[in-house]
>>> print(open('data.txt').read())   # compact mmCIF, C-alpha atoms
# COMPACT_ATOMS: atom_id res chain seq x y z
CA MET A 127 -48.16 20.88 -60.40
CA TRP A 128 -48.52 17.30 -59.25
CA LEU A 129 -45.43 15.59 -57.83
CA ASP A 130 -45.39 12.00 -56.64
CA ALA A 131 -44.32 11.58 -53.05
CA GLY A 132 -41.10 9.93 -54.29
CA ALA A 133 -40.07 12.93 -56.44
CA TYR A 134 -37.47 15.35 -55.12
CA ALA A 135 -35.38 18.26 -56.38
CA VAL A 136 -31.63 17.86 -56.89
CA ALA A 137 -31.10 21.35 -58.36
CA PRO A 138 -33.13 24.53 -58.81
CA PHE A 139 -36.09 23.77 -61.06
CA GLU A 140 -36.97 27.10 -62.65
CA SER A 141 -36.66 25.29 -66.00
CA ILE A 142 -39.78 23.28 -65.13
CA TRP A 143 -41.81 26.42 -64.39
CA ASN A 144 -40.47 28.02 -67.59
CA HIS A 145 -41.48 24.96 -69.62
CA ILE A 146 -44.98 24.97 -68.12
CA THR A 147 -45.36 28.69 -68.87
CA GLU A 148 -44.14 28.25 -72.46
CA HIS A 149 -45.90 25.00 -73.39
CA GLY A 150 -48.75 24.72 -70.91
CA VAL A 151 -48.01 21.07 -70.08
CA TYR A 152 -45.07 19.35 -68.40
CA VAL A 153 -45.12 15.55 -68.54
CA VAL A 154 -41.98 13.40 -68.80
CA ALA A 155 -41.51 10.43 -71.14
CA GLY A 156 -38.76 7.89 -70.77
CA LYS A 157 -37.25 5.46 -73.25
CA GLU A 158 -39.51 2.50 -72.50
CA PRO A 159 -41.73 1.87 -75.53
CA LEU A 160 -45.34 2.86 -74.92
CA GLY A 161 -46.40 -0.19 -76.96
CA GLU A 162 -45.19 -2.50 -74.19
CA TRP A 163 -47.25 -0.71 -71.51
CA ILE A 164 -50.64 0.13 -73.04
CA SER A 165 -53.77 -1.99 -73.23
CA ASP A 166 -55.55 -3.00 -76.41
CA GLN A 167 -58.56 -0.99 -75.20
CA ALA A 168 -56.52 2.22 -74.86
CA LEU A 169 -54.92 1.71 -78.26
CA GLU A 170 -58.35 1.28 -79.80
CA TYR A 171 -59.72 4.33 -77.97
CA PHE A 172 -56.91 6.49 -79.36
CA GLY A 173 -57.06 4.90 -82.84
CA THR A 174 -53.46 3.75 -82.58
CA SER A 175 -51.69 0.50 -83.41
CA ARG A 176 -49.31 -1.23 -81.03
CA ASP A 177 -46.61 -1.04 -83.72
CA TYR A 178 -47.01 2.77 -83.83
CA ALA A 179 -46.99 2.93 -80.01
CA MET A 180 -43.70 1.02 -79.94
CA ASN A 181 -42.10 4.18 -81.37
CA LEU A 182 -43.39 6.46 -78.60
CA GLY A 183 -41.96 6.74 -75.10
CA LEU A 184 -44.06 5.81 -72.10
CA CYS A 185 -44.92 8.88 -70.07
CA GLY A 186 -44.46 8.85 -66.33
CA GLY A 187 -46.70 10.19 -63.63
CA ALA A 188 -44.06 11.48 -61.21
CA ILE A 189 -44.79 15.03 -62.36
CA VAL A 190 -47.67 16.66 -64.19
CA GLY A 191 -47.41 20.40 -64.58
CA LEU A 192 -50.31 22.34 -66.08
CA ASP A 193 -50.78 26.06 -66.74
CA PHE A 194 -54.55 26.59 -66.77
CA ASN A 195 -54.06 29.80 -68.77
CA ASN A 196 -53.03 27.55 -71.69
CA VAL A 197 -55.63 25.80 -73.86
CA ASN A 198 -53.49 22.63 -74.14
CA ALA A 199 -53.32 22.33 -70.35
CA ILE A 200 -57.09 22.73 -70.08
CA ARG A 201 -57.69 20.13 -72.78
CA PHE A 202 -55.20 17.73 -71.17
CA TYR A 203 -56.87 18.11 -67.77
CA GLU A 204 -60.38 17.66 -69.19
CA LYS A 205 -59.35 14.53 -71.13
CA TRP A 206 -57.62 13.16 -68.03
CA GLY A 207 -60.86 13.54 -66.08
CA GLU A 208 -62.92 12.02 -68.89
CA LEU A 209 -60.64 8.99 -69.17
CA ALA A 210 -60.66 8.46 -65.40
CA GLN A 211 -64.38 7.71 -65.73
CA ASN A 212 -63.73 4.95 -68.28
CA THR A 213 -63.41 1.66 -66.39
CA LYS A 214 -61.51 0.03 -69.26
CA LEU A 215 -58.74 2.60 -69.72
CA PHE A 216 -57.36 3.48 -66.28
CA ILE A 217 -56.85 -0.07 -65.06
CA SER A 218 -54.20 -2.35 -63.70
CA ALA A 219 -53.66 -5.83 -65.08
CA HIS A 220 -52.21 -9.19 -64.19
CA SER A 221 -51.24 -12.30 -66.08
CA LYS A 222 -53.70 -15.18 -65.80
CA TRP A 223 -53.02 -18.75 -66.86
CA ALA A 224 -54.97 -19.45 -70.05
CA PRO A 225 -54.13 -22.95 -71.37
CA ASP A 226 -56.83 -22.80 -74.03
CA ARG A 227 -55.26 -19.73 -75.71
CA MET A 228 -51.65 -19.36 -74.65
CA LYS A 229 -49.45 -19.84 -71.60
CA SER A 230 -50.91 -16.75 -69.96
CA LEU A 231 -53.18 -13.87 -70.81
CA TRP A 232 -53.25 -10.31 -69.48
CA VAL A 233 -56.57 -9.48 -67.81
CA SER A 234 -57.92 -6.59 -65.76
CA ASP A 235 -57.39 -6.75 -62.00
CA HIS A 236 -60.99 -5.61 -61.58
CA ASP A 237 -62.65 -7.77 -64.21
CA GLU A 238 -60.85 -10.95 -65.24
CA GLN A 239 -63.25 -11.28 -68.17
CA LEU A 240 -61.65 -8.17 -69.71
CA ILE A 241 -58.65 -9.33 -71.72
CA VAL A 242 -56.24 -6.41 -71.65
CA SER A 243 -53.92 -7.84 -74.31
CA SER A 244 -52.68 -11.10 -75.73
CA ASP A 245 -49.81 -9.45 -77.65
CA PRO A 246 -46.53 -11.11 -76.57
CA ARG A 247 -44.81 -7.69 -76.46
CA PHE A 248 -47.26 -6.44 -73.83
CA LYS A 249 -45.84 -6.12 -70.28
CA GLY A 250 -48.78 -4.47 -68.52
CA HIS A 251 -50.94 -1.35 -68.64
CA ARG A 252 -49.70 1.80 -66.90
CA SER A 253 -53.14 3.34 -66.36
CA ASP A 254 -53.17 7.12 -66.90
CA GLU A 255 -49.44 7.25 -67.69
CA ALA A 256 -49.92 5.15 -70.84
CA CYS A 257 -52.81 7.36 -71.93
CA PHE A 258 -50.73 10.53 -71.26
CA SER A 259 -48.44 9.63 -74.16
CA LEU A 260 -51.31 9.58 -76.65
CA MET A 261 -53.09 12.54 -75.07
CA LEU A 262 -49.96 14.63 -75.66
CA ARG A 263 -49.66 13.32 -79.21
CA ASP A 264 -53.25 14.33 -79.93
CA LEU A 265 -52.61 17.82 -78.53
CA GLY A 266 -49.43 18.21 -80.58
CA VAL A 267 -47.40 18.67 -77.38
CA ALA A 268 -44.07 16.87 -77.01
CA PRO A 269 -43.31 15.23 -73.67
CA VAL A 270 -40.25 16.34 -71.74
CA GLY A 271 -37.30 13.96 -72.09
CA LEU A 272 -36.14 12.04 -69.05
CA GLY A 273 -32.69 13.64 -69.29
CA LYS A 274 -34.19 17.12 -68.99
CA TRP A 275 -36.18 16.01 -65.92
CA ASN A 276 -33.05 14.50 -64.36
CA GLU A 277 -31.20 17.82 -64.58
CA CYS A 278 -33.20 19.05 -61.62
CA MET A 279 -35.44 16.24 -60.30
CA ARG A 280 -35.28 12.58 -59.34
CA SER A 281 -37.78 9.98 -58.31
CA GLY A 282 -37.24 7.51 -55.50
CA TYR A 283 -38.70 4.60 -57.48
>>> encode(input="data.txt", output="structure tokens")
Amino acid sequence: MWLDAGAYAVAPFESIWNHITEHGVYVVAGKEPLGEWISDQALEYFGTSRDYAMNLGLCGGAIVGLDFNNVNAIRFYEKWGELAQNTKLFISAHSKWAPDRMKSLWVSDHDEQLIVSSDPRFKGHRSDEACFSLMLRDLGVAPVGLGKWNECMRSGY
């Protein structure tokens, strides 16, 4: 299990271990629309439209629980490693003034020539967290709801 440094227990969390044992993967999704927090490159990689992604919740990275006796956990972990090697998917982005196209344009922090998105609904790219949402979808695994997480854990962010 990975826990961010800001994550802490507020109640016994046997339910998390039980979920990991039953489903193989424990990743939490909130109510923020994925479509606001995922790059055009990641949408293209996963064969998904921004409109479709607006109906999915953005996953968080405060906890990732994997049971390596479960095929879904193994596939999730392997895909995570594969995507980490892709310099266009696990990125951060900033808004750059672009008077020739629009008021501003989202570009990669590492390569300002890489336009991350010009969609006005786009708020930024959440690196691996944004990809988690579509990785789970492709595995047929539902993310854990934020309310379930909050029954026993919190994050200091």
>>> closest_residue(input="data.txt", among="A:Ile217, A:Met127, A:Gly266, A:Leu192", to="Asp235 of chain A", atoms="only C-alpha atoms")
A:Ile217
>>> closest_residue(input="data.txt", among="A:Pro246, A:Gly132, A:Gly173, A:Gly150", to="Asp264 of chain A", atoms="all atoms listed in the file")
A:Gly173
>>> closest_residue(input="data.txt", among="A:Arg247, A:His149, A:Lys214, A:His236", to="Ala199 of chain A", atoms="all atoms listed in the file")
A:His149
>>> atom_distance(input="data.txt", atom1="atom CA of Glu255 of chain A", atom2="atom CA of Cys185 of chain A")
5.4 Å
>>> closest_residue(input="data.txt", among="A:Leu169, A:Ala219, A:Ile146, A:Val154", to="Asn196 of chain A", atoms="all atoms listed in the file")
A:Ile146
>>> residues_around(input="data.txt", residues="Arg263 of chain A", least_positions_apart="3", cutoff="12 Å", atoms="only C-alpha atoms", output="VMD selection string")
chain A and resid 153 155 172 to 174 178 to 179 182 to 185 198 202 256 to 260 266 to 269
>>> atom_distance(input="data.txt", atom1="atom CA of Ser243 of chain A", atom2="atom CA of Asp130 of chain A")
27.9 Å
>>> decode(input="data.txt", residues="segment 208-220 of chain A", atoms="all heavy atoms", output="short mmCIF file (atom, residue, chain, number, x, y, z; two decimals), in the first residue's frame")
data_model
loop_
_atom_site.label_atom_id
_atom_site.label_comp_id
_atom_site.auth_asym_id
_atom_site.auth_seq_id
_atom_site.Cartn_x
_atom_site.Cartn_y
_atom_site.Cartn_z
N GLU A 208 4.62 1.37 -17.09
CA GLU A 208 4.72 1.67 -18.53
C GLU A 208 4.43 3.15 -18.80
O GLU A 208 5.17 3.81 -19.54
CB GLU A 208 3.72 0.79 -19.29
CG GLU A 208 3.61 1.07 -20.76
CD GLU A 208 2.46 0.31 -21.40
OE1 GLU A 208 2.25 -0.88 -21.05
OE2 GLU A 208 1.75 0.90 -22.24
N LEU A 209 3.38 3.67 -18.19
CA LEU A 209 3.00 5.06 -18.43
C LEU A 209 4.01 6.04 -17.83
O LEU A 209 4.19 7.13 -18.35
CB LEU A 209 1.60 5.34 -17.87
CG LEU A 209 0.46 4.60 -18.57
CD1 LEU A 209 -0.87 4.93 -17.88
CD2 LEU A 209 0.40 4.92 -20.03
N ALA A 210 4.68 5.64 -16.76
CA ALA A 210 5.69 6.51 -16.15
C ALA A 210 6.85 6.75 -17.11
O ALA A 210 7.55 7.76 -17.00
CB ALA A 210 6.18 5.90 -14.85
N GLN A 211 7.04 5.87 -18.06
CA GLN A 211 8.12 6.02 -19.05
C GLN A 211 7.72 6.95 -20.19
O GLN A 211 8.57 7.37 -20.97
CB GLN A 211 8.50 4.65 -19.63
CG GLN A 211 8.94 3.65 -18.58
CD GLN A 211 10.16 4.10 -17.83
OE1 GLN A 211 11.13 4.55 -18.41
NE2 GLN A 211 10.11 4.01 -16.51
N ASN A 212 6.43 7.27 -20.30
CA ASN A 212 5.94 8.11 -21.39
C ASN A 212 6.03 9.58 -20.97
O ASN A 212 5.31 10.02 -20.09
CB ASN A 212 4.49 7.73 -21.72
CG ASN A 212 3.97 8.44 -22.93
OD1 ASN A 212 4.23 9.61 -23.15
ND2 ASN A 212 3.20 7.73 -23.73
N THR A 213 6.89 10.33 -21.61
CA THR A 213 7.14 11.72 -21.21
C THR A 213 5.99 12.67 -21.55
O THR A 213 6.06 13.84 -21.21
CB THR A 213 8.43 12.24 -21.87
OG1 THR A 213 8.28 12.17 -23.29
CG2 THR A 213 9.63 11.43 -21.42
N LYS A 214 4.95 12.18 -22.18
CA LYS A 214 3.81 13.04 -22.51
C LYS A 214 2.57 12.74 -21.67
O LYS A 214 1.56 13.40 -21.82
CB LYS A 214 3.46 12.91 -23.99
CG LYS A 214 4.55 13.46 -24.89
CD LYS A 214 4.16 13.38 -26.34
CE LYS A 214 5.29 13.92 -27.20
NZ LYS A 214 5.00 13.86 -28.61
N LEU A 215 2.63 11.73 -20.81
CA LEU A 215 1.45 11.36 -20.04
C LEU A 215 1.55 11.70 -18.56
O LEU A 215 0.58 12.13 -17.96
CB LEU A 215 1.15 9.87 -20.21
CG LEU A 215 0.78 9.46 -21.64
CD1 LEU A 215 0.50 7.97 -21.69
CD2 LEU A 215 -0.41 10.24 -22.15
N PHE A 216 2.69 11.50 -17.95
CA PHE A 216 2.87 11.84 -16.54
C PHE A 216 3.61 13.16 -16.49
O PHE A 216 4.82 13.22 -16.28
CB PHE A 216 3.67 10.76 -15.82
CG PHE A 216 2.87 9.53 -15.46
CD1 PHE A 216 1.63 9.28 -16.02
CD2 PHE A 216 3.37 8.62 -14.56
CE1 PHE A 216 0.91 8.14 -15.70
CE2 PHE A 216 2.66 7.48 -14.22
CZ PHE A 216 1.43 7.24 -14.79
N ILE A 217 2.88 14.24 -16.69
CA ILE A 217 3.48 15.57 -16.78
C ILE A 217 2.75 16.53 -15.86
O ILE A 217 1.69 16.22 -15.34
CB ILE A 217 3.39 16.12 -18.22
CG1 ILE A 217 1.93 16.23 -18.66
CG2 ILE A 217 4.20 15.28 -19.19
CD1 ILE A 217 1.70 17.02 -19.92
N SER A 218 3.33 17.68 -15.67
CA SER A 218 2.62 18.80 -15.06
C SER A 218 2.53 19.88 -16.13
O SER A 218 3.24 19.84 -17.13
CB SER A 218 3.36 19.29 -13.82
OG SER A 218 4.69 19.62 -14.13
N ALA A 219 1.63 20.82 -15.93
CA ALA A 219 1.37 21.81 -16.98
C ALA A 219 1.15 23.18 -16.37
O ALA A 219 0.81 23.30 -15.20
CB ALA A 219 0.15 21.40 -17.80
N HIS A 220 1.36 24.19 -17.18
CA HIS A 220 1.07 25.55 -16.76
C HIS A 220 0.44 26.31 -17.93
O HIS A 220 0.52 25.90 -19.08
CB HIS A 220 2.33 26.27 -16.27
CG HIS A 220 3.34 26.53 -17.34
ND1 HIS A 220 4.26 25.59 -17.75
CD2 HIS A 220 3.58 27.63 -18.10
CE1 HIS A 220 5.01 26.09 -18.71
NE2 HIS A 220 4.62 27.32 -18.94
#
